[in-house]
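A.B. asks: Got a structure here, written out as structure tokens. Questions coming.
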Amino acid sequence: MITILIGLLAGMITSLSPCVLPMVPILLADPATLEESDAPAQASVEEGGGPAVAAPPRKRVSVRRPLGIVSGLVLSFSLSALFGSIVLDAFGLPEDLLRKIGIGVLALIGVGLVSHRVAAILERPFARLPKRAVNTRGNGLVLGLGMGLLFAPCAGPVLATIAVVGATHRFGFRTITLTFAFAIGAALPLLVLALARDAILSRAGFLRRHAVRLRTTGGVVMIAMAVVLAFNLADPLQRHVPRYTEVLQSKVEENNDAASRLRSLVTGEDRKASPLATDEGCAPDSDVIQNCGPAPEFAGITSWLNTPDGKPLKISDLAGKVVLVDFWTYSCINCQRTLPYVEGWAKKYAADGLVVVGVHSPEFAFEHVKSNVVEQAARLGVRYPIALDNDFSTWNAYSNEYWPAEYLIDATGTVRHRSFGEGSYQTTENLIRQLLSQAKQGVNLGTASVGTDPEPITGGTGETYLGYGHALAVSGTAPDPVKDRPTPYRYDGRLYPDTVALNGTWTIGPQQMTAGPGAALRLDYQADKVYLVLGGDGTVDVVLDGKHVNTVPVKGVPTLYQLTTAPPKKGRGVLQLSFGPGIQAYDFTFG
């Protein structure tokens, strides 16, 4: 049940992300269906004592079509994600056939809405089947089936698990239920949107007055969206839409409990044997060089692109070079946002000894097709070597779980840094430069290409981690933060914007800080609301600008707690938190 809940919540968050934007015009343009009301007819009496006349029954918006659309989307997305590659391989069919079918269905329905003659032709094969006519206005199941084949939500650990299981054919009951839960969660907000749209237009009488225009307009929009999806024309827009669901998605999918559950669904000895299977000594997104063990070799690569004559690369043959391994897939918007930085490093530091290898691990069936990857890589400007990891062999060898993900390997073949998701570009480049300088003494690297990382979309305080595995922003504390052992701290009166200051005893680990006797901290921030991931048992007292505003009871596994519900009166605020012993604090997020 917890796995199902994780899938459901992850799907709901995904449906609000920029990657679902292409589905919205289709849903909004879909012509609603009116049906007779079940309410009894009302009688009226004409003036002068005339006979009672039954008033015409009122019409209401049918929910059958939106439910059909959502049911079709859930069914086709789930089945194609899990079993699509098996079916296509069994019959020797191209991997992008399902996507082409989805685009064709969308275009045909659009043409049928525009032209009654085409609609009649489409319905003709079903004319002899009683109650099985293809009603382009009333039956949304067919449209939903087509949409599900085109549904390409933003990448996340849940979707990565589904993709890996689908590609490696390691199915189980839990994975199947996770997939359907994710699809249902993603479809629910779309259902609410469709029902709200129909209810508003119907109440305004717009549907009755403009039914023909709505039908034609809906058809034109569907045809246009089929063209947009066929040629990936929505990608530039999606790349520039802010990542407004990133923090919420990370809390649902990337906490320790969810990560361990998802990891258990992806079995395989190659993952178990990987030195990168745990975070011990190799914290993700660290701003310092670490020793993460020997770099696994590229395994199970079906083709190489952008190498001389398609010759494969080996980690062992790249000794003396600094290697950046970038896991990506071409339809992943998160990956597309990261590519300009990776491409810039590949170009800037190639002469200094940097080799960038893009490991293309496909999220969807159509991304298995080599010609599609060649075309899209050229369109996106990827000119460094690309390894087609269609069976996720290299993905599993690195115990990877994310798109995008970067693994930085030094000149001796040791993994020294890994970064998951978007961001941390400045940190990654700084570590690239350090490793290049170590590999080649006296090398002149010039100035860094990344001045500062992109600002958080709120314009206020960004996500603030409390472990030394991330950039721990501490000020006003003596002594300086000490790793992995209980240490008493005290405020020294200084507190800079967007930083914390410690008091009492704390043990600072790679991912979190654990409270000891008298543990407290101060935070200078700018935001409307403050959240903190906490674990353990006890309470946290919350004081904002000198006024007690909350006492947070903490119990059990780490999860997200809301500390404040109102913005500071002066724009910026100082939060003072007092912790019970044993409570673990992971990172602040803001809303």
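Residues are named by chain letter and number: chains run A, B, ... in the order of the structure tokens, numbers start at 1 in each chain, and ligands are numbered from 1 in the order shown.
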Quick one: everything within 6 Å of region 563-576 of chain A, counting only C-alpha atoms, minus sequence neighbours fewer than 3 positions away in the same chain. Send it as a ChimeraX atom specification.

C.D. replies: /A:521-526,528-531,543-545

A.B. asks: Excluding Pro153 (chain A) and its own-chain neighbours fewer than 6 positions away, which residues fall within 12 Å of it when counting only C-alpha atoms? Please give them as a ChimeraX atom specification.

C.D. replies: /A:10-23,77,81,147,159-160,163,182-183,185-187,238,331-334,363-364

A.B. asks: Find the residue from A:Lys547, A:His360, A:Lys348, A:Arg117 that sits nearest to Thr394 (chain A); use only C-alpha atoms when measuring.

C.D. replies: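 Of A:Lys547, A:His360, A:Lys348, A:Arg117, the one nearest Thr394 (chain A), counting only C-alpha atoms, is A:His360.
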
A.B. asks: Name the closest residue to Val540 (chain A) among the candidates A:Asp492, A:Val288, A:Gly582, A:Ala501; distances are taken between atoms, counting only C-alpha atoms.

C.D. replies: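 Selected residue with least distance to Val540 (chain A): A:Gly582.
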
A.B. asks: Could you please determine the separation between CA of Gly509 (chain A) and CA of Gln584 (chain A) in Å, to one decimal place?

C.D. replies: 9.9 Å

A.B. asks: Just the number, please: distance in Å from CA of Val158 (chain A) to CA of Val142 (chain A), one decimal.

C.D. replies: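 CA of Val158 (chain A) sits 26.6 Å away from CA of Val142 (chain A).
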
A.B. asks: Which residues come within 9 Å of Glu343 (chain A), counting only C-alpha atoms, excluding same-chain residues fewer than 2 positions away, as JSON, numbers by chain?

C.D. replies: {"A": [338, 339, 340, 341, 345, 346, 347, 348, 356, 381, 382, 383, 384]}

A.B. asks: With distances taken over only C-alpha atoms, which residue among A:Thr3, A:Ser286, A:Ser578, A:Asn430 lies nearest His417 (chain A)?

C.D. replies: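 Ranked by minimum distance to His417 (chain A), first place goes to A:Ser286.
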
A.B. asks: Rank nothing, just name the residue among A:Gly476, A:Gly68, A:Gly518, A:Pro284 nearest to Ser424 (chain A), using only C-alpha atoms.

C.D. replies: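 Checking each candidate against Ser424 (chain A), we get A:Pro284 as the closest.
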
A.B. asks: Extract, using only C-alpha atoms, all DNA, RNA and protein residues at most 10 Å from region 405-414 of chain A, discarding same-chain residues fewer than 5 positions from it, and format them as a ChimeraX atom specification.

C.D. replies: /A:284-285,289-297,315-328,335,338,342,353-359,398,400,419-422,428,431-432,434-436,438-440

A.B. asks: Could you take the residues named above and write them with N, CA and C atoms, as a short mmCIF file (atom, residue, chain, number, x, y, z; two decimals), in the first residue's frame?

C.D. replies:
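Saved the output as again.cif:
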data_model
loop_
_atom_site.label_atom_id
_atom_site.label_comp_id
_atom_site.auth_asym_id
_atom_site.auth_seq_id
_atom_site.Cartn_x
_atom_site.Cartn_y
_atom_site.Cartn_z
N PRO A 284 25.68 12.23 -2.83
CA PRO A 284 25.36 12.93 -4.07
C PRO A 284 25.47 14.44 -3.91
N ASP A 285 25.86 15.11 -4.99
CA ASP A 285 25.90 16.57 -5.05
C ASP A 285 26.86 17.20 -4.04
N ILE A 289 35.67 16.75 -3.59
CA ILE A 289 36.02 15.51 -4.25
C ILE A 289 35.94 14.36 -3.24
N GLN A 290 35.30 13.26 -3.66
CA GLN A 290 35.14 12.09 -2.81
C GLN A 290 35.74 10.86 -3.51
N ASN A 291 35.84 9.77 -2.78
CA ASN A 291 36.29 8.49 -3.35
C ASN A 291 35.08 7.57 -3.39
N CYS A 292 34.50 7.41 -4.58
CA CYS A 292 33.29 6.60 -4.74
C CYS A 292 33.58 5.24 -5.33
N GLY A 293 34.85 4.85 -5.40
CA GLY A 293 35.20 3.53 -5.90
C GLY A 293 35.51 3.53 -7.39
N PRO A 294 35.97 2.38 -7.90
CA PRO A 294 36.33 2.28 -9.33
C PRO A 294 35.10 2.50 -10.21
N ALA A 295 35.31 3.17 -11.33
CA ALA A 295 34.22 3.42 -12.26
C ALA A 295 33.87 2.13 -13.00
N PRO A 296 32.59 1.73 -13.01
CA PRO A 296 32.20 0.54 -13.79
C PRO A 296 32.42 0.77 -15.28
N GLU A 297 32.69 -0.31 -16.01
CA GLU A 297 32.84 -0.22 -17.45
C GLU A 297 31.48 -0.01 -18.12
N ILE A 315 36.31 2.57 -20.25
CA ILE A 315 36.88 3.36 -19.15
C ILE A 315 38.37 3.08 -19.03
N SER A 316 38.75 1.82 -19.20
CA SER A 316 40.17 1.45 -19.05
C SER A 316 41.03 2.10 -20.12
N ASP A 317 40.45 2.36 -21.30
CA ASP A 317 41.22 3.00 -22.37
C ASP A 317 41.32 4.51 -22.20
N LEU A 318 40.55 5.06 -21.26
CA LEU A 318 40.54 6.51 -21.04
C LEU A 318 41.41 6.91 -19.86
N ALA A 319 42.28 6.02 -19.42
CA ALA A 319 43.19 6.34 -18.32
C ALA A 319 44.01 7.57 -18.67
N GLY A 320 44.17 8.46 -17.72
CA GLY A 320 44.86 9.73 -17.93
C GLY A 320 43.93 10.85 -18.31
N LYS A 321 42.67 10.51 -18.65
CA LYS A 321 41.66 11.51 -18.97
C LYS A 321 40.69 11.67 -17.79
N VAL A 322 40.09 12.83 -17.69
CA VAL A 322 38.97 13.04 -16.77
C VAL A 322 37.69 12.79 -17.57
N VAL A 323 36.83 11.94 -17.05
CA VAL A 323 35.64 11.50 -17.79
C VAL A 323 34.38 11.94 -17.06
N LEU A 324 33.46 12.56 -17.79
CA LEU A 324 32.15 12.90 -17.25
C LEU A 324 31.12 12.01 -17.95
N VAL A 325 30.48 11.13 -17.18
CA VAL A 325 29.44 10.24 -17.71
C VAL A 325 28.09 10.87 -17.39
N ASP A 326 27.33 11.17 -18.44
CA ASP A 326 26.03 11.84 -18.29
C ASP A 326 24.93 10.89 -18.72
N PHE A 327 24.10 10.43 -17.76
CA PHE A 327 22.93 9.60 -18.10
C PHE A 327 21.79 10.53 -18.51
N TRP A 328 21.22 10.26 -19.70
CA TRP A 328 20.18 11.13 -20.22
C TRP A 328 19.30 10.34 -21.17
N CYS A 335 16.60 16.61 -18.75
CA CYS A 335 17.89 16.38 -19.41
C CYS A 335 18.18 17.49 -20.41
N THR A 338 19.69 20.45 -18.89
CA THR A 338 21.07 20.25 -18.44
C THR A 338 22.06 20.23 -19.59
N VAL A 342 26.47 20.64 -20.11
CA VAL A 342 27.33 19.50 -20.43
C VAL A 342 28.02 19.72 -21.77
N GLY A 353 41.84 17.60 -21.61
CA GLY A 353 41.79 16.23 -21.13
C GLY A 353 40.45 15.75 -20.64
N LEU A 354 39.37 16.49 -20.89
CA LEU A 354 38.03 16.05 -20.47
C LEU A 354 37.36 15.28 -21.60
N VAL A 355 36.81 14.12 -21.26
CA VAL A 355 36.01 13.33 -22.20
C VAL A 355 34.61 13.20 -21.61
N VAL A 356 33.62 13.65 -22.37
CA VAL A 356 32.22 13.53 -21.95
C VAL A 356 31.58 12.38 -22.72
N VAL A 357 30.91 11.50 -22.00
CA VAL A 357 30.20 10.38 -22.62
C VAL A 357 28.74 10.45 -22.17
N GLY A 358 27.84 10.57 -23.14
CA GLY A 358 26.42 10.57 -22.83
C GLY A 358 25.87 9.16 -22.92
N VAL A 359 25.43 8.61 -21.80
CA VAL A 359 24.83 7.28 -21.80
C VAL A 359 23.32 7.46 -21.96
N TYR A 398 26.05 1.28 -12.70
CA TYR A 398 26.29 2.48 -11.89
C TYR A 398 25.25 2.65 -10.77
N ASN A 400 22.36 3.61 -11.06
CA ASN A 400 21.74 4.92 -11.29
C ASN A 400 20.22 4.83 -11.13
N SER A 419 26.14 13.63 -9.37
CA SER A 419 25.12 14.66 -9.21
C SER A 419 23.85 14.18 -9.89
N PHE A 420 22.71 14.35 -9.21
CA PHE A 420 21.43 13.88 -9.71
C PHE A 420 20.51 15.05 -10.00
N GLY A 421 19.82 14.99 -11.14
CA GLY A 421 18.85 16.01 -11.48
C GLY A 421 19.49 17.29 -11.99
N GLU A 422 18.67 18.32 -12.11
CA GLU A 422 19.15 19.61 -12.60
C GLU A 422 19.87 20.37 -11.49
N THR A 428 29.77 21.20 -10.13
CA THR A 428 30.29 20.18 -11.04
C THR A 428 31.46 20.72 -11.85
N LEU A 431 34.65 20.99 -9.77
CA LEU A 431 35.31 19.71 -9.55
C LEU A 431 35.97 19.19 -10.83
N ILE A 432 35.35 19.45 -11.99
CA ILE A 432 36.00 19.11 -13.26
C ILE A 432 37.35 19.81 -13.37
N GLN A 434 39.22 20.97 -10.92
CA GLN A 434 40.17 20.43 -9.95
C GLN A 434 40.81 19.14 -10.45
N LEU A 435 39.99 18.24 -11.00
CA LEU A 435 40.52 16.96 -11.47
C LEU A 435 41.42 17.14 -12.69
N LEU A 436 41.08 18.07 -13.56
CA LEU A 436 41.94 18.35 -14.72
C LEU A 436 43.28 18.91 -14.26
N GLN A 438 44.74 18.30 -11.42
CA GLN A 438 45.51 17.22 -10.81
C GLN A 438 46.10 16.29 -11.87
N ALA A 439 45.34 16.06 -12.95
CA ALA A 439 45.80 15.14 -13.99
C ALA A 439 46.90 15.73 -14.85
N LYS A 440 46.90 17.06 -14.99
CA LYS A 440 47.85 17.71 -15.89
C LYS A 440 48.36 18.98 -15.22
#

A.B. asks: Would you please give, as a ChimeraX atom specification, all residues of region 342-430 of chain A that DSSP assigns to strand (DSSP E) based on the backbone?

C.D. replies: /A:354-360,386-388,405-409,415-420

A.B. asks: Include N, CA, C and O atoms and write out the residues we just selected as an mmCIF file, in the first residue's frame.

C.D. replies:
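Contents of result-v4.cif, as written:
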data_model
loop_
_atom_site.group_PDB
_atom_site.id
_atom_site.type_symbol
_atom_site.label_atom_id
_atom_site.label_comp_id
_atom_site.auth_asym_id
_atom_site.auth_seq_id
_atom_site.Cartn_x
_atom_site.Cartn_y
_atom_site.Cartn_z
ATOM 1 N N LEU A 354 39.367 16.494 -20.892
ATOM 2 C CA LEU A 354 38.035 16.047 -20.467
ATOM 3 C C LEU A 354 37.361 15.278 -21.595
ATOM 4 O O LEU A 354 37.340 15.724 -22.747
ATOM 5 N N VAL A 355 36.809 14.121 -21.265
ATOM 6 C CA VAL A 355 36.013 13.328 -22.196
ATOM 7 C C VAL A 355 34.606 13.203 -21.615
ATOM 8 O O VAL A 355 34.434 12.732 -20.483
ATOM 9 N N VAL A 356 33.618 13.650 -22.368
ATOM 10 C CA VAL A 356 32.220 13.531 -21.952
ATOM 11 C C VAL A 356 31.579 12.382 -22.723
ATOM 12 O O VAL A 356 31.702 12.294 -23.947
ATOM 13 N N VAL A 357 30.907 11.497 -22.003
ATOM 14 C CA VAL A 357 30.196 10.376 -22.616
ATOM 15 C C VAL A 357 28.738 10.452 -22.175
ATOM 16 O O VAL A 357 28.443 10.415 -20.973
ATOM 17 N N GLY A 358 27.845 10.568 -23.136
ATOM 18 C CA GLY A 358 26.425 10.573 -22.826
ATOM 19 C C GLY A 358 25.871 9.163 -22.923
ATOM 20 O O GLY A 358 25.859 8.561 -24.002
ATOM 21 N N VAL A 359 25.431 8.613 -21.803
ATOM 22 C CA VAL A 359 24.834 7.277 -21.801
ATOM 23 C C VAL A 359 23.322 7.462 -21.964
ATOM 24 O O VAL A 359 22.645 7.940 -21.059
ATOM 25 N N HIS A 360 22.815 7.090 -23.142
ATOM 26 C CA HIS A 360 21.402 7.301 -23.453
ATOM 27 C C HIS A 360 20.604 6.077 -23.013
ATOM 28 O O HIS A 360 20.592 5.041 -23.688
ATOM 29 N N ILE A 386 28.097 9.150 -27.630
ATOM 30 C CA ILE A 386 26.842 8.712 -27.021
ATOM 31 C C ILE A 386 26.796 7.189 -27.048
ATOM 32 O O ILE A 386 26.982 6.568 -28.095
ATOM 33 N N ALA A 387 26.541 6.587 -25.890
ATOM 34 C CA ALA A 387 26.394 5.135 -25.774
ATOM 35 C C ALA A 387 24.908 4.814 -25.635
ATOM 36 O O ALA A 387 24.240 5.334 -24.736
ATOM 37 N N LEU A 388 24.375 3.968 -26.523
ATOM 38 C CA LEU A 388 22.961 3.586 -26.468
ATOM 39 C C LEU A 388 22.801 2.413 -25.502
ATOM 40 O O LEU A 388 23.171 1.274 -25.807
ATOM 41 N N ALA A 405 21.789 12.407 -14.730
ATOM 42 C CA ALA A 405 22.719 12.109 -13.640
ATOM 43 C C ALA A 405 24.131 12.215 -14.194
ATOM 44 O O ALA A 405 24.404 11.753 -15.303
ATOM 45 N N GLU A 406 25.025 12.836 -13.423
ATOM 46 C CA GLU A 406 26.416 13.015 -13.838
ATOM 47 C C GLU A 406 27.355 12.270 -12.890
ATOM 48 O O GLU A 406 27.205 12.387 -11.663
ATOM 49 N N TYR A 407 28.300 11.526 -13.458
ATOM 50 C CA TYR A 407 29.330 10.821 -12.697
ATOM 51 C C TYR A 407 30.687 11.311 -13.207
ATOM 52 O O TYR A 407 30.986 11.187 -14.388
ATOM 53 N N LEU A 408 31.499 11.861 -12.299
ATOM 54 C CA LEU A 408 32.784 12.438 -12.659
ATOM 55 C C LEU A 408 33.896 11.489 -12.240
ATOM 56 O O LEU A 408 34.004 11.113 -11.069
ATOM 57 N N ILE A 409 34.716 11.082 -13.221
ATOM 58 C CA ILE A 409 35.750 10.064 -13.023
ATOM 59 C C ILE A 409 37.120 10.704 -13.228
ATOM 60 O O ILE A 409 37.336 11.422 -14.210
ATOM 61 N N VAL A 415 35.597 7.054 -9.510
ATOM 62 C CA VAL A 415 34.473 7.994 -9.472
ATOM 63 C C VAL A 415 34.682 8.933 -8.295
ATOM 64 O O VAL A 415 34.802 8.495 -7.148
ATOM 65 N N ARG A 416 34.702 10.237 -8.580
ATOM 66 C CA ARG A 416 35.000 11.219 -7.529
ATOM 67 C C ARG A 416 33.833 12.142 -7.212
ATOM 68 O O ARG A 416 33.896 12.919 -6.257
ATOM 69 N N HIS A 417 32.747 12.053 -8.007
ATOM 70 C CA HIS A 417 31.603 12.943 -7.776
ATOM 71 C C HIS A 417 30.415 12.409 -8.555
ATOM 72 O O HIS A 417 30.571 11.814 -9.628
ATOM 73 N N ARG A 418 29.228 12.583 -7.997
ATOM 74 C CA ARG A 418 28.002 12.276 -8.738
ATOM 75 C C ARG A 418 26.930 13.287 -8.377
ATOM 76 O O ARG A 418 26.843 13.755 -7.230
ATOM 77 N N SER A 419 26.140 13.628 -9.373
ATOM 78 C CA SER A 419 25.118 14.658 -9.212
ATOM 79 C C SER A 419 23.850 14.184 -9.885
ATOM 80 O O SER A 419 23.882 13.666 -11.010
ATOM 81 N N PHE A 420 22.712 14.351 -9.207
ATOM 82 C CA PHE A 420 21.435 13.876 -9.711
ATOM 83 C C PHE A 420 20.506 15.045 -9.998
ATOM 84 O O PHE A 420 20.392 15.976 -9.187
#

A.B. asks: Could you check how far CA of Leu178 (chain A) sits from CA of Arg64 (chain A), in Å to one decimal?

C.D. replies: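 It comes out at 25.6 Å.
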
A.B. asks: Mind checking which residues fall within 7 Å of region 94-107 of chain A, counting only C-alpha atoms, ignoring those fewer than 5 positions away in the same chain, and posting them as a VMD selection string?

C.D. replies: chain A and resid 85 88 143 146 to 147 149 to 150 222 to 223 226 230 365 to 366 368 to 369

A.B. asks: Which of these, A:Thr427, A:Gln376, A:Thr487, A:Asn390, has the shortest distance to Gly300 (chain A) once you count only C-alpha atoms?

C.D. replies: A:Asn390

A.B. asks: What's around Gly556 (chain A) at 9 Å? Count only C-alpha atoms, leave out sequence neighbours fewer than 2 positions away in its own chain, and write the answer as a PDB file with all heavy atoms, in the first residue's frame.

C.D. replies:
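Result went into selection.pdb, see below:
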ATOM      1  N   LEU A 534      12.305  16.193   8.721  1.00  0.00           N
ATOM      2  CA  LEU A 534      12.720  15.807  10.058  1.00  0.00           C
ATOM      3  C   LEU A 534      12.473  14.317  10.260  1.00  0.00           C
ATOM      4  O   LEU A 534      11.542  13.732   9.699  1.00  0.00           O
ATOM      5  CB  LEU A 534      11.935  16.588  11.119  1.00  0.00           C
ATOM      6  CG  LEU A 534      12.117  18.110  11.143  1.00  0.00           C
ATOM      7  CD1 LEU A 534      11.023  18.763  11.967  1.00  0.00           C
ATOM      8  CD2 LEU A 534      13.492  18.458  11.708  1.00  0.00           C
ATOM      9  N   GLY A 535      13.300  13.694  11.098  1.00  0.00           N
ATOM     10  CA  GLY A 535      13.124  12.303  11.478  1.00  0.00           C
ATOM     11  C   GLY A 535      13.419  12.126  12.948  1.00  0.00           C
ATOM     12  O   GLY A 535      14.006  13.005  13.598  1.00  0.00           O
ATOM     13  N   GLY A 536      13.034  10.959  13.494  1.00  0.00           N
ATOM     14  CA  GLY A 536      13.238  10.698  14.909  1.00  0.00           C
ATOM     15  C   GLY A 536      11.965  10.896  15.709  1.00  0.00           C
ATOM     16  O   GLY A 536      10.859  10.932  15.157  1.00  0.00           O
ATOM     17  N   ASP A 537      12.121  11.035  17.025  1.00  0.00           N
ATOM     18  CA  ASP A 537      10.967  11.206  17.917  1.00  0.00           C
ATOM     19  C   ASP A 537      11.237  12.348  18.880  1.00  0.00           C
ATOM     20  O   ASP A 537      12.301  12.402  19.510  1.00  0.00           O
ATOM     21  CB  ASP A 537      10.706   9.917  18.702  1.00  0.00           C
ATOM     22  CG  ASP A 537      10.287   8.770  17.803  1.00  0.00           C
ATOM     23  OD1 ASP A 537       9.146   8.787  17.316  1.00  0.00           O
ATOM     24  OD2 ASP A 537      11.115   7.869  17.574  1.00  0.00           O
ATOM     25  N   VAL A 554       7.449  15.421  16.093  1.00  0.00           N
ATOM     26  CA  VAL A 554       8.165  14.623  15.093  1.00  0.00           C
ATOM     27  C   VAL A 554       8.121  13.165  15.520  1.00  0.00           C
ATOM     28  O   VAL A 554       8.392  12.842  16.683  1.00  0.00           O
ATOM     29  CB  VAL A 554       9.630  15.094  14.957  1.00  0.00           C
ATOM     30  CG1 VAL A 554      10.356  14.275  13.896  1.00  0.00           C
ATOM     31  CG2 VAL A 554       9.676  16.576  14.628  1.00  0.00           C
ATOM     32  N   PRO A 558      11.970   9.858   8.358  1.00  0.00           N
ATOM     33  CA  PRO A 558      12.040  11.252   7.902  1.00  0.00           C
ATOM     34  C   PRO A 558      10.919  11.598   6.930  1.00  0.00           C
ATOM     35  O   PRO A 558      10.616  10.849   6.000  1.00  0.00           O
ATOM     36  CB  PRO A 558      13.407  11.314   7.204  1.00  0.00           C
ATOM     37  CG  PRO A 558      14.208  10.231   7.837  1.00  0.00           C
ATOM     38  CD  PRO A 558      13.230   9.131   8.117  1.00  0.00           C
ATOM     39  N   THR A 559      10.299  12.735   7.162  1.00  0.00           N
ATOM     40  CA  THR A 559       9.269  13.238   6.272  1.00  0.00           C
ATOM     41  C   THR A 559       9.231  14.753   6.365  1.00  0.00           C
ATOM     42  O   THR A 559       9.907  15.355   7.209  1.00  0.00           O
ATOM     43  CB  THR A 559       7.886  12.640   6.618  1.00  0.00           C
ATOM     44  OG1 THR A 559       6.943  12.981   5.607  1.00  0.00           O
ATOM     45  CG2 THR A 559       7.386  13.170   7.958  1.00  0.00           C
TER      46      THR A 559
END
